[in-house]
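run_24.txt, holding compact mmCIF, C-alpha atoms:
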# COMPACT_ATOMS: atom_id res chain seq x y z
CA MET N 379 -10.94 22.68 6.17
CA SER N 380 -10.80 23.75 2.57
CA ALA N 381 -13.00 26.75 1.92
CA HIS N 382 -14.78 27.17 -1.40
CA VAL N 383 -12.92 24.44 -3.21
CA VAL N 384 -14.96 22.02 -5.28
CA PRO N 385 -13.08 18.82 -6.08
CA LEU N 386 -12.90 17.76 -9.71
CA VAL N 387 -14.20 14.20 -10.15
CA ARG N 388 -14.30 12.40 -13.47
CA VAL N 389 -15.13 8.82 -14.42
CA GLN N 390 -14.18 8.17 -18.02
CA ALA N 391 -13.00 5.59 -20.55
CA GLU N 392 -10.31 7.90 -21.99
CA ASP N 393 -6.82 8.34 -20.66
CA PHE N 394 -5.86 11.44 -18.66
CA ASP N 395 -2.96 13.88 -18.80
CA THR N 396 -1.27 14.11 -15.41
CA ALA N 397 0.71 17.27 -16.25
CA ALA N 398 -2.45 19.03 -17.41
CA GLU N 399 -4.24 18.05 -14.21
CA ILE N 400 -1.39 19.40 -12.05
CA ALA N 401 -1.43 22.63 -14.08
CA ARG N 402 -5.18 22.93 -13.49
CA LEU N 403 -4.55 23.16 -9.72
CA THR N 404 -1.51 25.45 -9.87
CA ARG N 405 -2.09 27.80 -12.79
CA ASP N 406 -2.33 31.47 -11.74
CA ARG N 407 -1.94 30.52 -8.08
CA ARG N 408 0.66 31.85 -5.63
CA ASP N 409 -0.58 30.07 -2.52
CA VAL N 410 0.04 26.45 -3.53
CA GLY N 411 3.16 25.07 -1.90
CA ALA N 412 2.68 21.34 -2.50
CA VAL N 413 1.13 19.08 -5.10
CA VAL N 414 1.01 15.34 -4.54
CA THR N 415 -0.09 13.08 -7.37
CA PHE N 416 -0.80 9.38 -7.29
CA THR N 417 -1.18 7.44 -10.54
CA GLY N 418 -2.38 3.85 -10.52
CA LEU N 419 -1.37 1.82 -13.58
CA CYS N 420 -2.35 -1.54 -14.99
CA ARG N 421 0.45 -4.09 -14.50
CA ASP N 422 0.84 -7.35 -16.44
CA GLU N 423 1.44 -9.59 -13.38
CA ASN N 424 4.74 -10.98 -14.71
CA GLY N 425 3.48 -11.29 -18.27
CA ARG N 426 0.30 -13.15 -17.33
CA LEU N 427 -2.22 -10.44 -18.26
CA ALA N 428 -3.27 -9.04 -21.63
CA ALA N 429 -5.52 -6.43 -20.00
CA LEU N 430 -7.83 -5.56 -17.14
CA GLU N 431 -11.51 -4.86 -17.70
CA LEU N 432 -12.85 -2.30 -15.25
CA GLU N 433 -16.59 -2.59 -14.72
CA HIS N 434 -18.29 0.23 -12.84
CA TYR N 435 -21.70 1.32 -11.58
CA PRO N 436 -22.19 4.39 -13.78
CA ALA N 437 -25.00 5.93 -11.75
CA MET N 438 -23.03 5.74 -8.50
CA ALA N 439 -19.31 5.91 -9.32
CA GLU N 440 -18.95 9.70 -9.61
CA ILE N 441 -21.30 10.32 -6.69
CA GLU N 442 -19.34 8.01 -4.39
CA ILE N 443 -15.95 9.41 -5.42
CA ALA N 444 -17.32 12.93 -4.88
CA ARG N 445 -18.41 11.91 -1.37
CA ILE N 446 -14.92 10.64 -0.57
CA ALA N 447 -13.34 13.77 -2.09
CA SER N 448 -15.62 16.04 -0.05
CA GLU N 449 -14.62 14.23 3.10
CA ALA N 450 -10.95 14.80 2.25
CA MET N 451 -11.67 18.51 1.69
CA GLU N 452 -13.21 18.68 5.15
CA ARG N 453 -10.34 16.90 6.83
CA TRP N 454 -7.35 18.65 5.25
CA PRO N 455 -6.69 22.27 4.21
CA LEU N 456 -6.45 21.65 0.46
CA THR N 457 -6.27 24.31 -2.23
CA GLY N 458 -7.41 21.81 -4.86
CA LEU N 459 -8.26 18.15 -5.36
CA SER N 460 -8.84 16.13 -8.54
CA VAL N 461 -9.75 12.47 -8.94
CA ILE N 462 -10.02 10.72 -12.31
CA HIS N 463 -10.93 7.03 -12.55
CA ARG N 464 -11.03 5.15 -15.84
CA HIS N 465 -13.29 2.25 -16.79
CA GLY N 466 -13.36 -0.26 -19.64
CA ARG N 467 -10.49 -2.29 -21.05
CA ILE N 468 -7.06 -1.11 -19.90
CA ALA N 469 -3.79 -2.65 -21.10
CA PRO N 470 -0.65 -3.13 -18.98
CA GLY N 471 1.29 0.12 -18.77
CA GLU N 472 -1.83 2.26 -19.14
CA ASN N 473 -3.25 4.55 -16.49
CA ILE N 474 -6.21 3.52 -14.31
CA VAL N 475 -6.59 6.23 -11.68
CA LEU N 476 -5.23 9.67 -10.83
CA VAL N 477 -5.40 11.64 -7.59
CA VAL N 478 -3.98 15.16 -7.43
CA ALA N 479 -4.00 16.92 -4.06
CA ALA N 480 -2.74 20.50 -3.71
CA SER N 481 -2.14 22.38 -0.50
CA THR N 482 -0.09 25.15 1.06
CA HIS N 483 2.07 22.57 2.84
CA ARG N 484 3.06 19.05 1.88
CA HIS N 485 1.68 17.21 4.89
CA ALA N 486 -1.99 17.80 4.00
CA ALA N 487 -1.41 16.97 0.34
CA PHE N 488 0.34 13.66 1.11
CA GLU N 489 -2.28 12.59 3.63
CA ALA N 490 -5.27 13.56 1.52
CA ALA N 491 -3.94 11.67 -1.53
CA SER N 492 -3.30 8.59 0.59
CA PHE N 493 -6.77 8.80 2.18
CA LEU N 494 -8.39 9.13 -1.26
CA MET N 495 -6.68 6.02 -2.58
CA ASP N 496 -7.46 3.92 0.48
CA TYR N 497 -11.14 4.86 0.26
CA LEU N 498 -11.36 4.48 -3.52
CA LYS N 499 -10.09 0.91 -3.20
CA SER N 500 -12.81 -0.18 -0.83
CA ARG N 501 -15.75 2.18 -1.56
CA ALA N 502 -15.73 3.28 -5.19
CA PRO N 503 -17.99 0.93 -7.22
CA PHE N 504 -15.44 -0.51 -9.65
CA TRP N 505 -14.52 -4.16 -10.26
CA LYS N 506 -11.48 -5.48 -12.09
CA LYS N 507 -11.61 -8.56 -14.31
CA GLU N 508 -8.44 -10.12 -15.67
CA HIS N 509 -7.97 -10.93 -19.34
CA PRO N 510 -5.20 -13.56 -19.49
CA ARG N 511 -2.63 -13.43 -22.26
CA GLN N 512 -3.16 -17.13 -22.88
CA GLY N 513 -6.77 -16.40 -23.81
CA GLY N 514 -9.81 -17.96 -22.21
CA GLU N 515 -12.11 -16.60 -19.55
CA GLY N 516 -10.33 -14.55 -16.90
CA GLY N 517 -11.36 -14.19 -13.28
CA TRP N 518 -12.45 -11.28 -11.14
CA VAL N 519 -9.76 -9.75 -8.98
CA ASP N 520 -10.40 -10.49 -5.30
CA ALA N 521 -10.71 -7.63 -2.87
CA ARG N 522 -7.76 -7.66 -0.52
CA GLU N 523 -8.04 -7.58 3.24
CA ILE N 524 -5.10 -5.17 3.32
CA ASP N 525 -7.07 -2.54 1.36
CA GLU N 526 -9.96 -2.75 3.82
CA THR N 527 -7.52 -2.40 6.72
CA ALA N 528 -5.85 0.57 5.03
CA ALA N 529 -9.21 2.37 4.76
CA LYS N 530 -10.04 1.65 8.40
CA ARG N 531 -7.00 3.51 9.69
CA TRP N 532 -8.67 6.79 8.64
CA GLU N 533 -11.82 6.15 10.63
CA ARG N 534 -12.67 8.66 13.31
CA ASP N 535 -15.11 8.54 16.19
CA MET G 266 -49.51 0.30 8.17
CA SER G 267 -49.28 3.07 5.64
CA SER G 268 -49.06 1.99 2.05
CA MET G 269 -46.40 4.68 1.53
CA ASN G 270 -43.93 2.51 3.39
CA GLU G 271 -44.39 -0.41 1.06
CA THR G 272 -42.05 -1.16 -1.75
CA GLY G 273 -43.37 -2.82 -4.83
CA PRO G 274 -46.92 -3.94 -4.00
CA ASN G 275 -48.39 -0.47 -4.49
CA GLY G 276 -46.93 -0.24 -7.95
CA ASN G 277 -43.69 1.62 -7.23
CA GLY G 278 -41.16 -0.21 -9.35
CA LEU G 279 -38.12 -1.49 -7.53
CA LYS G 280 -35.13 -1.99 -9.75
CA LEU G 281 -32.37 -4.40 -8.83
CA VAL G 282 -29.00 -3.93 -10.49
CA TYR G 283 -26.12 -6.39 -10.38
CA PHE G 284 -22.40 -5.99 -11.02
CA ALA G 285 -19.29 -8.11 -11.65
CA TRP G 286 -19.61 -11.78 -10.64
CA VAL G 287 -22.99 -11.22 -9.03
CA ARG G 288 -24.24 -10.07 -12.46
CA GLU G 289 -22.56 -12.95 -14.26
CA ARG G 290 -23.91 -15.62 -11.93
CA ILE G 291 -27.47 -14.28 -11.94
CA GLY G 292 -27.23 -13.95 -15.71
CA ARG G 293 -28.65 -10.44 -16.05
CA SER G 294 -27.58 -6.91 -15.18
CA GLU G 295 -30.90 -5.59 -13.91
CA GLU G 296 -34.56 -6.42 -13.33
CA GLU G 297 -37.74 -4.89 -11.97
CA ILE G 298 -39.29 -6.79 -9.10
CA VAL G 299 -42.23 -6.69 -6.76
CA LEU G 300 -41.37 -7.73 -3.22
CA PRO G 301 -43.63 -9.44 -0.73
CA ARG G 302 -44.40 -7.34 2.34
CA GLU G 303 -42.33 -9.44 4.69
CA VAL G 304 -39.13 -8.48 2.88
CA ARG G 305 -38.13 -5.45 4.95
CA THR G 306 -34.36 -5.32 5.18
CA VAL G 307 -31.40 -5.92 2.90
CA ARG G 308 -30.83 -9.23 4.71
CA ASP G 309 -34.47 -10.27 4.03
CA LEU G 310 -34.01 -9.33 0.37
CA LEU G 311 -30.88 -11.45 0.00
CA SER G 312 -32.49 -14.52 1.51
CA TRP G 313 -35.70 -14.01 -0.51
CA LEU G 314 -33.69 -13.70 -3.73
CA LYS G 315 -31.84 -16.94 -2.97
CA GLY G 316 -35.17 -18.73 -3.13
CA ARG G 317 -35.82 -17.54 -6.69
CA GLY G 318 -33.62 -20.10 -8.41
CA GLU G 319 -30.31 -21.80 -8.78
CA GLU G 320 -28.57 -18.80 -10.35
CA TYR G 321 -29.52 -16.55 -7.42
CA GLU G 322 -28.53 -19.26 -4.96
CA MET G 323 -25.11 -19.43 -6.63
CA ALA G 324 -24.61 -15.66 -6.84
CA LEU G 325 -25.64 -15.00 -3.25
CA GLU G 326 -24.37 -18.17 -1.61
CA HIS G 327 -21.97 -16.34 0.70
CA ASP G 328 -24.33 -13.48 1.35
CA ASP G 329 -22.13 -11.88 4.03
CA VAL G 330 -19.64 -10.81 1.35
CA ILE G 331 -22.32 -9.22 -0.87
CA ARG G 332 -22.16 -5.42 -0.80
CA VAL G 333 -25.33 -3.40 -1.23
CA ALA G 334 -26.20 0.14 -2.27
CA ILE G 335 -29.67 1.62 -1.94
CA ASP G 336 -30.32 4.50 -4.31
CA ARG G 337 -26.58 4.82 -4.95
CA GLU G 338 -25.43 4.85 -1.36
CA HIS G 339 -23.61 2.04 0.48
CA VAL G 340 -25.69 0.38 3.21
CA GLY G 341 -25.30 -2.51 5.63
CA HIS G 342 -27.42 -5.67 5.64
CA ASP G 343 -29.61 -4.38 8.49
CA GLU G 344 -30.80 -1.41 6.44
CA ALA G 345 -34.55 -1.13 5.80
CA ILE G 346 -35.46 -1.12 2.12
CA ALA G 347 -38.81 0.67 2.35
CA GLY G 348 -38.99 3.43 -0.25
CA ALA G 349 -35.94 2.23 -2.21
CA ARG G 350 -36.08 2.70 -5.96
CA GLU G 351 -32.83 1.08 -6.97
CA ILE G 352 -30.93 -1.55 -5.03
CA ALA G 353 -27.53 -2.66 -6.28
CA LEU G 354 -25.90 -5.95 -5.31
CA PHE G 355 -22.21 -6.47 -5.97
CA PRO G 356 -19.00 -8.10 -4.71
CA PRO G 357 -16.43 -6.19 -2.63
CA MET G 358 -15.02 -3.42 -4.80
CA THR G 359 -11.62 -3.59 -6.46
CA GLY G 360 -11.16 -0.14 -7.98
CA GLY G 361 -8.29 2.26 -7.55
Rewrite the coordinates I just gave you, this time as structure tokens.
Amino acid sequence: MSAHVVPLVRVQAEDFDTAAEIARLTRDRRDVGAVVTFTGLCRDENGRLAALELEHYPAMAEIEIARIASEAMERWPLTGLSVIHRHGRIAPGENIVLVVAASTHRHAAFEAASFLMDYLKSRAPFWKKEHPRQGGEGGWVDAREIDETAAKRWERD
Amino acid sequence: MSSMNETGPNGNGLKLVYFAWVRERIGRSEEEIVLPREVRTVRDLLSWLKGRGEEYEMALEHDDVIRVAIDREHVGHDEAIAGAREIALFPPMTGG
């Protein structure tokens, strides 16, 4: 359980600064022993893609991510947690998502970051559309069974 | 039956919002609708919508894969829709 910690959740078109987000959770602290960050980037799929378009449900995206973040705060003793998810057109090499989990010990930080990503994949209302380099209409990225399975491993009775 | 449990017919607007390929196939991102009384659950809504035209039929063809949120919260297809103000229909999510 993480007492009195409110996770930072942002859904934005702009890029984020990972170092600044780590500093936000460690600055003026003496109790943080571990910070785990996960950054998801746009890849070009072997040169096939010009960009990804991330559509989202603006009214729900932050609320749903905040729900997932709160659940992580309840399950692990975190000293801080930040989640930033971008939307709009994102080119290969650019950032899509950031999770920063801070804790006294590494175990909680690793697990919480992993939990966040598994749940974001299958519950956060975002959809990726491919923009092919060859031009023309791209297709929507299919949800993968493996992501659903990854989220299920965190389920409790 | 109390009229407070009815959606639509008593004048409470119900907004449907669509995302990703559901939005593209239906050809609009949102609409206000009035539902007949017999449409009580998410499953009823999906099958009622499919009767509204070819574009709905195409968007909702495999209705078991359609994900639904009522007032910004994920729900299953058995969920009752009474009192809902905004229902979102969308494909499985691919964020992260």
Put a box with edges along x, y and z around all the listed atoms of range 345-357 of chain G, pad it by 8 Å on each side, then give me its centre and sizes in Å, one decimal, as lines of an AutoDock Vina configuration file.
center_x = -27.7
center_y = -2.3
center_z = -0.6
size_x = 38.6
size_y = 27.5
size_z = 28.8
Go through range 329-352 of chain G residue by residue and, counting all atoms listed in the file, keep those with an atom at most 10 Å from range 285-301 of chain G; for each kept residue give the shortest atom pair and its distance in Å to one decimal, ordered by chain and increasing number, as a Markdown table.
| residue | atom | partner | partner_atom | distance |
| --- | --- | --- | --- | --- |
| G:Ile331 | CA | G:Val287 | CA | 8.4 |
| G:Arg350 | CA | G:Glu297 | CA | 9.8 |
| G:Glu351 | CA | G:Glu297 | CA | 9.2 |
| G:Ile352 | CA | G:Glu295 | CA | 9.8 |
For the interface of chain G with chain N (cut-off 6 Å, counting only C-alpha atoms), please tabulate each contacting residue of chain G alongside its nearest pair of atoms and their separation in Å to one decimal, rows sorted by chain and increasing number, as CSV.
residue,atom,partner,partner_atom,distance
G:Arg337,CA,N:Met438,CA,5.1
G:Pro357,CA,N:Ala521,CA,5.9
G:Met358,CA,N:Trp505,CA,5.5
G:Thr359,CA,N:Trp505,CA,4.8
G:Gly360,CA,N:Phe504,CA,4.6
G:Gly361,CA,N:Lys499,CA,4.9
Atom pair CA of Ala491 in chain N + CA of Val414 in chain N, distance 6.9 Å
Skipping near chain neighbours, those fewer than 6 positions away, what residues fall within 8 Å of Ala334 in chain G using all atoms listed in the file, listed as a short mmCIF file (atom, residue, chain, number, x, y, z; two decimals) with C-alpha atoms, keeping the file's coordinate frame?
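Generated output (around34.cif):
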data_model
loop_
_atom_site.label_atom_id
_atom_site.label_comp_id
_atom_site.auth_asym_id
_atom_site.auth_seq_id
_atom_site.Cartn_x
_atom_site.Cartn_y
_atom_site.Cartn_z
CA VAL G 340 -25.69 0.38 3.21
CA ILE G 352 -30.93 -1.55 -5.03
CA ALA G 353 -27.53 -2.66 -6.28
CA LEU G 354 -25.90 -5.95 -5.31
#
